[in-house]
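The data block below is target29.txt; it holds compact mmCIF, C-alpha atoms.
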# COMPACT_ATOMS: atom_id res chain seq x y z
CA MET A 1 -54.29 171.55 69.43
CA THR A 2 -53.48 168.92 66.81
CA ASP A 3 -53.51 165.32 68.08
CA PHE A 4 -49.84 164.30 67.94
CA PHE A 5 -50.63 160.58 67.91
CA ALA A 6 -53.02 161.01 64.98
CA LEU A 7 -50.33 162.72 62.89
CA HIS A 8 -48.51 159.37 62.77
CA HIS A 9 -51.45 157.69 61.05
CA ALA A 10 -52.02 160.04 58.11
CA GLU A 11 -51.95 159.17 54.42
CA THR A 12 -48.47 160.65 54.04
CA PRO A 13 -45.56 160.52 56.51
CA LEU A 14 -45.31 163.29 59.08
CA LEU A 15 -42.35 165.51 58.19
CA LEU A 16 -41.04 166.65 61.54
CA PRO A 17 -38.66 169.66 61.54
CA ASN A 18 -36.46 170.17 64.58
CA ALA A 19 -35.95 173.46 66.43
CA TRP A 20 -33.01 174.52 68.58
CA ASP A 21 -34.44 177.66 70.19
CA PHE A 22 -37.80 179.35 70.67
CA THR A 23 -37.75 181.44 67.50
CA SER A 24 -36.75 178.59 65.20
CA GLY A 25 -39.72 176.66 66.60
CA ALA A 26 -42.04 179.64 66.19
CA ALA A 27 -40.89 180.13 62.59
CA LEU A 28 -41.56 176.47 61.77
CA PHE A 29 -45.10 176.62 63.12
CA ASP A 30 -45.58 179.90 61.25
CA ALA A 31 -44.49 178.10 58.08
CA GLY A 32 -47.38 175.67 58.50
CA PHE A 33 -45.82 172.57 60.05
CA PRO A 34 -48.38 170.82 62.29
CA ALA A 35 -45.80 169.66 64.87
CA ILE A 36 -42.12 170.13 65.63
CA GLY A 37 -39.35 168.39 67.52
CA THR A 38 -36.14 169.60 69.08
CA THR A 39 -32.60 168.68 68.05
CA SER A 40 -30.25 167.68 70.84
CA LEU A 41 -27.24 168.69 68.75
CA GLY A 42 -28.67 172.14 68.13
CA VAL A 43 -29.58 172.65 71.79
CA ALA A 44 -26.18 171.45 73.00
CA ALA A 45 -24.11 173.32 70.43
CA ALA A 46 -26.05 176.55 70.91
CA HIS A 47 -25.05 176.42 74.59
CA GLY A 48 -21.43 175.47 73.94
CA LEU A 49 -21.90 171.89 75.14
CA PRO A 50 -21.27 168.50 73.50
CA ASP A 51 -24.21 166.46 72.27
CA GLY A 52 -25.05 163.03 73.61
CA ARG A 53 -23.09 163.38 76.85
CA GLY A 54 -26.04 163.89 79.17
CA ARG A 55 -25.05 167.48 80.00
CA THR A 56 -28.01 169.48 78.65
CA ARG A 57 -30.93 168.49 80.87
CA THR A 58 -31.46 172.05 82.16
CA GLU A 59 -31.24 173.60 78.68
CA THR A 60 -33.53 170.95 77.19
CA VAL A 61 -36.22 171.46 79.82
CA ALA A 62 -36.04 175.25 79.51
CA LEU A 63 -36.45 175.07 75.73
CA ALA A 64 -39.32 172.60 75.98
CA ARG A 65 -41.13 174.85 78.45
CA SER A 66 -40.82 177.83 76.11
CA LEU A 67 -41.86 175.91 72.99
CA THR A 68 -45.11 174.75 74.54
CA ARG A 69 -46.30 178.37 74.29
CA LEU A 70 -46.59 177.70 70.55
CA PRO A 71 -49.77 176.53 68.78
CA GLY A 72 -48.94 172.89 68.03
CA PRO A 73 -47.48 169.68 69.48
CA VAL A 74 -43.82 169.60 70.48
CA THR A 75 -41.74 166.46 70.96
CA VAL A 76 -38.46 166.78 72.83
CA ASP A 77 -35.16 164.99 72.25
CA ILE A 78 -33.95 164.00 75.73
CA GLU A 79 -30.93 161.97 74.54
CA GLY A 80 -30.85 158.83 76.73
CA GLY A 81 -32.95 160.43 79.44
CA PHE A 82 -30.05 162.17 81.24
CA SER A 83 -29.97 159.23 83.65
CA GLU A 84 -29.94 155.44 83.64
CA ASP A 85 -32.30 155.34 86.61
CA PRO A 86 -35.87 154.61 85.43
CA GLY A 87 -37.40 156.70 88.19
CA GLU A 88 -35.32 159.76 87.31
CA VAL A 89 -36.14 159.45 83.62
CA ALA A 90 -39.83 159.12 84.47
CA ASP A 91 -39.55 162.24 86.66
CA LEU A 92 -38.13 164.15 83.70
CA ALA A 93 -40.90 162.91 81.41
CA ALA A 94 -43.52 163.94 83.94
CA GLU A 95 -41.98 167.39 84.24
CA LEU A 96 -42.03 167.84 80.47
CA ALA A 97 -45.62 166.63 80.23
CA SER A 98 -46.70 168.94 83.05
CA PHE A 99 -46.29 172.00 80.87
CA GLY A 100 -47.67 170.49 77.67
CA THR A 101 -44.95 168.53 75.87
CA ALA A 102 -46.58 166.01 73.51
CA GLY A 103 -43.75 163.49 73.16
CA ILE A 104 -40.12 162.58 73.71
CA ASN A 105 -37.31 160.89 71.84
CA LEU A 106 -35.49 158.44 74.10
CA GLU A 107 -32.33 156.97 72.56
CA ASP A 108 -30.56 153.75 73.53
CA SER A 109 -27.02 155.06 73.02
CA ARG A 110 -25.24 156.09 76.20
CA PRO A 111 -22.84 158.95 77.08
CA THR A 112 -20.12 156.44 77.90
CA GLY A 113 -20.32 155.01 74.37
CA GLY A 114 -22.12 152.04 72.88
CA LEU A 115 -25.70 150.96 73.24
CA ALA A 116 -27.63 150.20 76.39
CA GLU A 117 -28.66 146.63 77.03
CA PRO A 118 -32.11 146.26 75.46
CA ASP A 119 -33.79 145.30 78.73
CA ASP A 120 -32.24 148.29 80.50
CA HIS A 121 -33.56 150.70 77.89
CA ALA A 122 -36.93 148.97 77.88
CA ALA A 123 -37.08 149.65 81.62
CA LEU A 124 -36.71 153.39 80.94
CA VAL A 125 -39.49 153.27 78.36
CA SER A 126 -41.74 151.33 80.73
CA ALA A 127 -41.11 153.75 83.60
CA VAL A 128 -42.02 156.74 81.44
CA LYS A 129 -45.20 155.17 80.05
CA THR A 130 -46.29 154.07 83.51
CA ARG A 131 -45.82 157.58 84.89
CA VAL A 132 -47.07 159.53 81.87
CA PRO A 133 -49.21 157.24 79.67
CA GLY A 134 -50.36 160.12 77.45
CA LEU A 135 -46.84 161.09 76.38
CA PHE A 136 -45.75 159.83 72.94
CA VAL A 137 -42.52 157.88 73.54
CA ASN A 138 -40.41 157.49 70.42
CA ALA A 139 -37.80 154.87 71.30
CA ARG A 140 -34.66 155.52 69.26
CA ILE A 141 -32.37 152.68 68.23
CA ASP A 142 -28.86 153.90 67.44
CA ALA A 143 -27.40 150.68 66.07
CA HIS A 144 -26.84 152.25 62.65
CA TRP A 145 -24.97 155.20 64.18
CA GLN A 146 -22.73 153.30 66.55
CA THR A 147 -20.70 151.38 64.00
CA GLU A 148 -19.66 151.46 60.36
CA ASN A 149 -21.03 147.93 60.05
CA PRO A 150 -24.60 147.98 61.36
CA PRO A 151 -25.97 144.77 62.87
CA PRO A 152 -28.40 142.54 61.00
CA LEU A 153 -31.92 143.91 60.81
CA THR A 154 -33.07 141.03 63.01
CA ARG A 155 -31.17 142.53 65.96
CA VAL A 156 -32.67 145.95 65.35
CA LEU A 157 -36.12 144.40 65.13
CA ASP A 158 -35.51 142.52 68.37
CA ARG A 159 -34.65 145.77 70.17
CA ALA A 160 -37.64 147.48 68.62
CA ARG A 161 -40.04 144.75 69.74
CA ARG A 162 -38.70 144.88 73.30
CA TYR A 163 -39.22 148.64 73.41
CA VAL A 164 -42.72 148.28 71.99
CA ALA A 165 -43.54 145.62 74.58
CA ALA A 166 -42.39 148.11 77.23
CA GLY A 167 -44.87 150.69 75.91
CA ALA A 168 -43.09 152.65 73.18
CA ASP A 169 -45.51 154.46 70.88
CA GLY A 170 -43.03 154.70 68.00
CA ILE A 171 -39.64 153.41 66.93
CA PHE A 172 -36.92 155.66 65.47
CA VAL A 173 -33.93 154.20 63.62
CA PRO A 174 -31.68 157.03 62.39
CA GLY A 175 -29.13 156.03 59.79
CA LEU A 176 -31.30 153.30 58.29
CA THR A 177 -31.36 154.01 54.55
CA ASP A 178 -31.80 150.66 52.79
CA ARG A 179 -35.25 150.63 51.23
CA ALA A 180 -35.84 146.93 51.76
CA ASP A 181 -34.78 147.12 55.42
CA ILE A 182 -36.98 150.15 56.03
CA ALA A 183 -40.01 148.42 54.52
CA ALA A 184 -39.30 145.21 56.45
CA LEU A 185 -38.95 147.08 59.74
CA ALA A 186 -42.10 149.12 59.16
CA GLY A 187 -43.99 145.94 58.30
CA GLY A 188 -42.67 144.09 61.32
CA LEU A 189 -43.79 146.61 63.92
CA PRO A 190 -47.23 147.37 65.36
CA VAL A 191 -46.28 151.01 65.99
CA PRO A 192 -45.23 153.89 63.68
CA LEU A 193 -41.69 153.85 62.29
CA ASN A 194 -39.65 157.07 62.29
CA ILE A 195 -36.70 157.48 59.92
CA LEU A 196 -34.18 160.30 59.61
CA TYR A 197 -34.46 162.30 56.40
CA ASP A 198 -32.15 161.24 53.58
CA ARG A 199 -32.34 163.09 50.27
CA GLY A 200 -31.98 159.88 48.28
CA LEU A 201 -35.09 158.22 49.65
CA ASP A 202 -38.80 158.49 48.93
CA TYR A 203 -40.52 157.20 52.06
CA ARG A 204 -44.10 157.35 50.90
CA ASP A 205 -44.36 153.72 49.78
CA LEU A 206 -42.22 152.15 52.52
CA GLY A 207 -44.66 152.24 55.41
CA VAL A 208 -42.81 155.02 57.25
CA ALA A 209 -45.01 157.16 59.50
CA ARG A 210 -42.61 159.97 60.45
CA VAL A 211 -39.55 161.54 58.85
CA SER A 212 -37.39 163.65 61.15
CA LEU A 213 -35.02 166.36 59.99
CA GLY A 214 -32.82 165.98 63.07
CA SER A 215 -30.00 168.52 63.21
CA LEU A 216 -30.28 169.34 59.49
CA LEU A 217 -31.94 172.75 59.92
CA TYR A 218 -29.51 173.84 62.63
CA ARG A 219 -26.54 172.86 60.48
CA ALA A 220 -28.10 174.58 57.46
CA ALA A 221 -28.64 177.77 59.48
CA LEU A 222 -24.97 177.85 60.52
CA HIS A 223 -23.89 177.15 56.94
CA THR A 224 -26.12 179.88 55.49
CA ALA A 225 -25.14 182.48 58.10
CA THR A 226 -21.43 181.82 57.68
CA ASN A 227 -21.62 181.90 53.90
CA LEU A 228 -23.61 185.14 53.93
CA ALA A 229 -21.13 186.83 56.26
CA ARG A 230 -18.27 185.69 54.05
CA SER A 231 -20.07 186.92 50.93
CA ILE A 232 -20.71 190.38 52.40
CA ARG A 233 -17.10 190.60 53.56
CA ASP A 234 -16.01 189.83 50.01
CA GLY A 235 -18.22 192.49 48.42
CA GLY A 236 -21.53 190.66 48.04
CA ALA A 237 -24.95 191.75 49.27
CA ALA A 238 -27.61 190.25 51.50
CA PRO A 239 -30.62 188.65 49.73
CA ASP A 240 -33.70 190.81 49.36
CA ASP A 241 -36.07 188.17 50.75
CA LEU A 242 -34.68 187.83 54.28
CA PRO A 243 -37.20 188.40 57.11
CA GLY A 244 -37.07 191.84 58.63
CA TYR A 245 -36.76 192.90 62.26
CA ARG A 246 -40.53 193.15 62.72
CA ASP A 247 -41.05 189.79 60.98
CA ILE A 248 -39.01 188.14 63.72
CA GLU A 249 -40.71 190.08 66.52
CA ARG A 250 -44.08 189.00 65.12
CA LEU A 251 -43.21 185.39 65.91
CA ILE A 252 -42.98 186.05 69.65
CA PRO A 253 -46.41 185.69 71.30
For this file, produce the structure as structure tokens.
Amino acid sequence: MTDFFALHHAETPLLLPNAWDFTSGAALFDAGFPAIGTTSLGVAAAHGLPDGRGRTRTETVALARSLTRLPGPVTVDIEGGFSEDPGEVADLAAELASFGTAGINLEDSRPTGGLAEPDDHAALVSAVKTRVPGLFVNARIDAHWQTENPPPLTRVLDRARRYVAAGADGIFVPGLTDRADIAALAGGLPVPLNILYDRGLDYRDLGVARVSLGSLLYRAALHTATNLARSIRDGGAAPDDLPGYRDIERLIP
């Protein structure tokens, strides 16, 4: 299996697509992507649950278990760890690693709103890395998603350095889109920087190691399905290039 850590040190950034069920993950590997992640929004919404509220632990673990049947590394979005207790978060990480998960996303926003205290989140990171040192921990900083006026980059960098000191293997700052800030953050960290895809940015010369698609594919799938149903209702026809029944069955090992 591909070394997930090594994918963060390639000549070009790792483009990481995010699955929300087994078949979306299987299709992405079939399309040639070397690794995939999961999207917490897609997992939650597909089960009729809200995202970011700590209510999808069971669904997240079940999906992760199924995805590890596939031929490449899988990293799992576990929101804020589904607990604020370091031991419980480490237990979850160990469970995921036990059936082959390569990494996790661990965000510092909390279900009650706002961001965790940096030292509290660092304690979660440390507990996970102590229990499962081989698991790639991508520590997510949600400062740019929590407010319309993001804090100065120095505060984001301070959080990032605390998480790295606690053992984080990567730092993820979704919502960061300023080119100068991205380059400064990438240059100020000793670990790979992960940024959320934005169509207006070219990340190749900014020092970014990983570009995540987040919930984009799930939202695009809903958009495409709804538009196609509407088109057929209004007299249109389905495209000729859609996968057939057997094409989907072929993806199931």
Report task. Compare A:Val208, A:Leu201, A:Ala93, A:Leu63 by their minimum atom-to-atom distance to A:His47, counting all atoms listed in the file, and give me the closest one. Result ->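 Of A:Val208, A:Leu201, A:Ala93, A:Leu63, the one nearest A:His47 is A:Leu63, counting all atoms listed in the file.
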Quick one: contact table of stretch 28-147 of chain A to stretch 220-225 of chain A, 12 Å max, nearest atom pair and distance in Å to one decimal per residue, counting only C-alpha atoms, chain and number order, as a Markdown table?
| residue | atom | partner | partner_atom | distance |
| --- | --- | --- | --- | --- |
| A:Gly42 | CA | A:Leu222 | CA | 10.2 |
| A:Ala45 | CA | A:Leu222 | CA | 10.9 |
| A:Ala46 | CA | A:Leu222 | CA | 10.5 |
Find the residues of stretch 147-177 of chain A that sit at most 12 Å from stretch 98-104 of chain A; for each, write down the nearest two atoms and how far apart they are in Å, to one decimal. Count all atoms listed in the file. Sort by chain, then by number going up, and give it as a Markdown table.
| residue | atom | partner | partner_atom | distance |
| --- | --- | --- | --- | --- |
| A:Ala168 | CA | A:Ile104 | CA | 10.4 |
| A:Asp169 | CA | A:Gly103 | CA | 9.5 |
| A:Gly170 | CA | A:Ile104 | CA | 10.2 |
| A:Ile171 | CA | A:Ile104 | CA | 11.4 |
| A:Phe172 | CA | A:Ile104 | CA | 11.2 |
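With distances restricted to all atoms listed in the file, A:Asn194 is the closest residue to A:Asn138 from A:Ser109, A:Ser126, A:Thr154, A:Asn194.
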Report task. For stretch 80-86 of chain A, work out the shell of residues within 7 Å, counting only C-alpha atoms and skipping chain neighbours fewer than 6 positions away, then give it as number ranges by chain. Result -> A: 54, 57, 106-110, 123-124, 127
Requested in this report: Name the residues in contact with stretch 16-26 of chain A at a cut-off of 10 Å, using all atoms listed in the file, excluding same-chain residues fewer than 2 positions from it; report them as number ranges by chain.
Outcome: A: 13-14, 28-31, 33-46, 59-60, 62-72, 74-77, 194, 196-197, 210-218, 221, 248-253
Using all atoms listed in the file, can you list as a PDB file with C-alpha atoms, in the frame of the given file the residues within 7 Å of (-48.9, 165.0, 81.3)?
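What follows is the written file out20.pdb:
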ATOM      1  CA  ALA A  94     -43.520 163.940  83.940  1.00  0.00           C
ATOM      2  CA  ALA A  97     -45.620 166.630  80.230  1.00  0.00           C
ATOM      3  CA  SER A  98     -46.700 168.940  83.050  1.00  0.00           C
ATOM      4  CA  GLY A 100     -47.670 170.490  77.670  1.00  0.00           C
ATOM      5  CA  VAL A 132     -47.070 159.530  81.870  1.00  0.00           C
ATOM      6  CA  GLY A 134     -50.360 160.120  77.450  1.00  0.00           C
ATOM      7  CA  LEU A 135     -46.840 161.090  76.380  1.00  0.00           C
TER       8      LEU A 135
END
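One distance worth recording is that between atom CA of A:Lys129 and atom CA of A:Gln146, which is 26.3 Å.
Checking A:Asp198, A:Asp240, A:Asp205, A:Glu11 one by one against A:Ala184, counting only C-alpha atoms, you find the shortest gap at A:Asp205.
Each of A:Arg131, A:Pro151, A:Ile78, A:Pro111 was compared to A:Arg53 using all atoms listed in the file, and A:Pro111 turns out to be the nearest.
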Query raised in the report: Between atom CA of A:Val128 and atom CA of A:Ala90, what is the distance, to one decimal in Å?
Result: 4.4 Å
Selected stretch 229-247 of chain A, written as a PDB file, in the first residue's frame, N, CA and C atoms:
ATOM      1  N   ALA A 229     -32.509  14.879 -12.324  1.00  0.00           N
ATOM      2  CA  ALA A 229     -33.910  14.506 -12.106  1.00  0.00           C
ATOM      3  C   ALA A 229     -34.852  15.590 -12.613  1.00  0.00           C
ATOM      4  N   ARG A 230     -34.501  16.840 -12.358  1.00  0.00           N
ATOM      5  CA  ARG A 230     -35.323  17.953 -12.818  1.00  0.00           C
ATOM      6  C   ARG A 230     -35.354  18.002 -14.341  1.00  0.00           C
ATOM      7  N   SER A 231     -34.187  17.765 -14.955  1.00  0.00           N
ATOM      8  CA  SER A 231     -34.108  17.813 -16.419  1.00  0.00           C
ATOM      9  C   SER A 231     -34.967  16.721 -17.056  1.00  0.00           C
ATOM     10  N   ILE A 232     -34.897  15.506 -16.501  1.00  0.00           N
ATOM     11  CA  ILE A 232     -35.698  14.405 -17.053  1.00  0.00           C
ATOM     12  C   ILE A 232     -37.182  14.691 -16.864  1.00  0.00           C
ATOM     13  N   ARG A 233     -37.537  15.203 -15.700  1.00  0.00           N
ATOM     14  CA  ARG A 233     -38.944  15.574 -15.459  1.00  0.00           C
ATOM     15  C   ARG A 233     -39.437  16.579 -16.490  1.00  0.00           C
ATOM     16  N   ASP A 234     -38.546  17.466 -16.919  1.00  0.00           N
ATOM     17  CA  ASP A 234     -38.931  18.529 -17.844  1.00  0.00           C
ATOM     18  C   ASP A 234     -38.713  18.161 -19.306  1.00  0.00           C
ATOM     19  N   GLY A 235     -38.470  16.881 -19.573  1.00  0.00           N
ATOM     20  CA  GLY A 235     -38.377  16.423 -20.958  1.00  0.00           C
ATOM     21  C   GLY A 235     -36.985  16.159 -21.459  1.00  0.00           C
ATOM     22  N   GLY A 236     -35.964  16.320 -20.601  1.00  0.00           N
ATOM     23  CA  GLY A 236     -34.595  16.064 -21.019  1.00  0.00           C
ATOM     24  C   GLY A 236     -34.270  14.579 -20.976  1.00  0.00           C
ATOM     25  N   ALA A 237     -33.003  14.269 -21.206  1.00  0.00           N
ATOM     26  CA  ALA A 237     -32.557  12.872 -21.224  1.00  0.00           C
ATOM     27  C   ALA A 237     -31.296  12.739 -20.385  1.00  0.00           C
ATOM     28  N   ALA A 238     -31.054  11.538 -19.892  1.00  0.00           N
ATOM     29  CA  ALA A 238     -29.840  11.270 -19.129  1.00  0.00           C
ATOM     30  C   ALA A 238     -28.638  11.266 -20.061  1.00  0.00           C
ATOM     31  N   PRO A 239     -27.455  11.694 -19.580  1.00  0.00           N
ATOM     32  CA  PRO A 239     -26.244  11.652 -20.409  1.00  0.00           C
ATOM     33  C   PRO A 239     -25.903  10.222 -20.813  1.00  0.00           C
ATOM     34  N   ASP A 240     -25.231  10.088 -21.931  1.00  0.00           N
ATOM     35  CA  ASP A 240     -24.866   8.767 -22.425  1.00  0.00           C
ATOM     36  C   ASP A 240     -23.673   8.164 -21.679  1.00  0.00           C
ATOM     37  N   ASP A 241     -22.903   9.000 -20.979  1.00  0.00           N
ATOM     38  CA  ASP A 241     -21.643   8.520 -20.412  1.00  0.00           C
ATOM     39  C   ASP A 241     -21.739   8.167 -18.925  1.00  0.00           C
ATOM     40  N   LEU A 242     -22.941   8.026 -18.398  1.00  0.00           N
ATOM     41  CA  LEU A 242     -23.073   7.634 -16.998  1.00  0.00           C
ATOM     42  C   LEU A 242     -22.629   6.185 -16.810  1.00  0.00           C
ATOM     43  N   PRO A 243     -22.056   5.834 -15.647  1.00  0.00           N
ATOM     44  CA  PRO A 243     -21.702   4.432 -15.406  1.00  0.00           C
ATOM     45  C   PRO A 243     -22.950   3.571 -15.367  1.00  0.00           C
ATOM     46  N   GLY A 244     -22.811   2.358 -15.842  1.00  0.00           N
ATOM     47  CA  GLY A 244     -23.930   1.427 -15.831  1.00  0.00           C
ATOM     48  C   GLY A 244     -24.008   0.633 -14.549  1.00  0.00           C
ATOM     49  N   TYR A 245     -25.030  -0.178 -14.444  1.00  0.00           N
ATOM     50  CA  TYR A 245     -25.260  -1.014 -13.251  1.00  0.00           C
ATOM     51  C   TYR A 245     -24.029  -1.867 -12.943  1.00  0.00           C
ATOM     52  N   ARG A 246     -23.506  -2.551 -13.955  1.00  0.00           N
ATOM     53  CA  ARG A 246     -22.367  -3.441 -13.745  1.00  0.00           C
ATOM     54  C   ARG A 246     -21.094  -2.650 -13.435  1.00  0.00           C
ATOM     55  N   ASP A 247     -21.004  -1.420 -13.938  1.00  0.00           N
ATOM     56  CA  ASP A 247     -19.841  -0.584 -13.619  1.00  0.00           C
ATOM     57  C   ASP A 247     -19.779  -0.294 -12.119  1.00  0.00           C
TER      58      ASP A 247
END
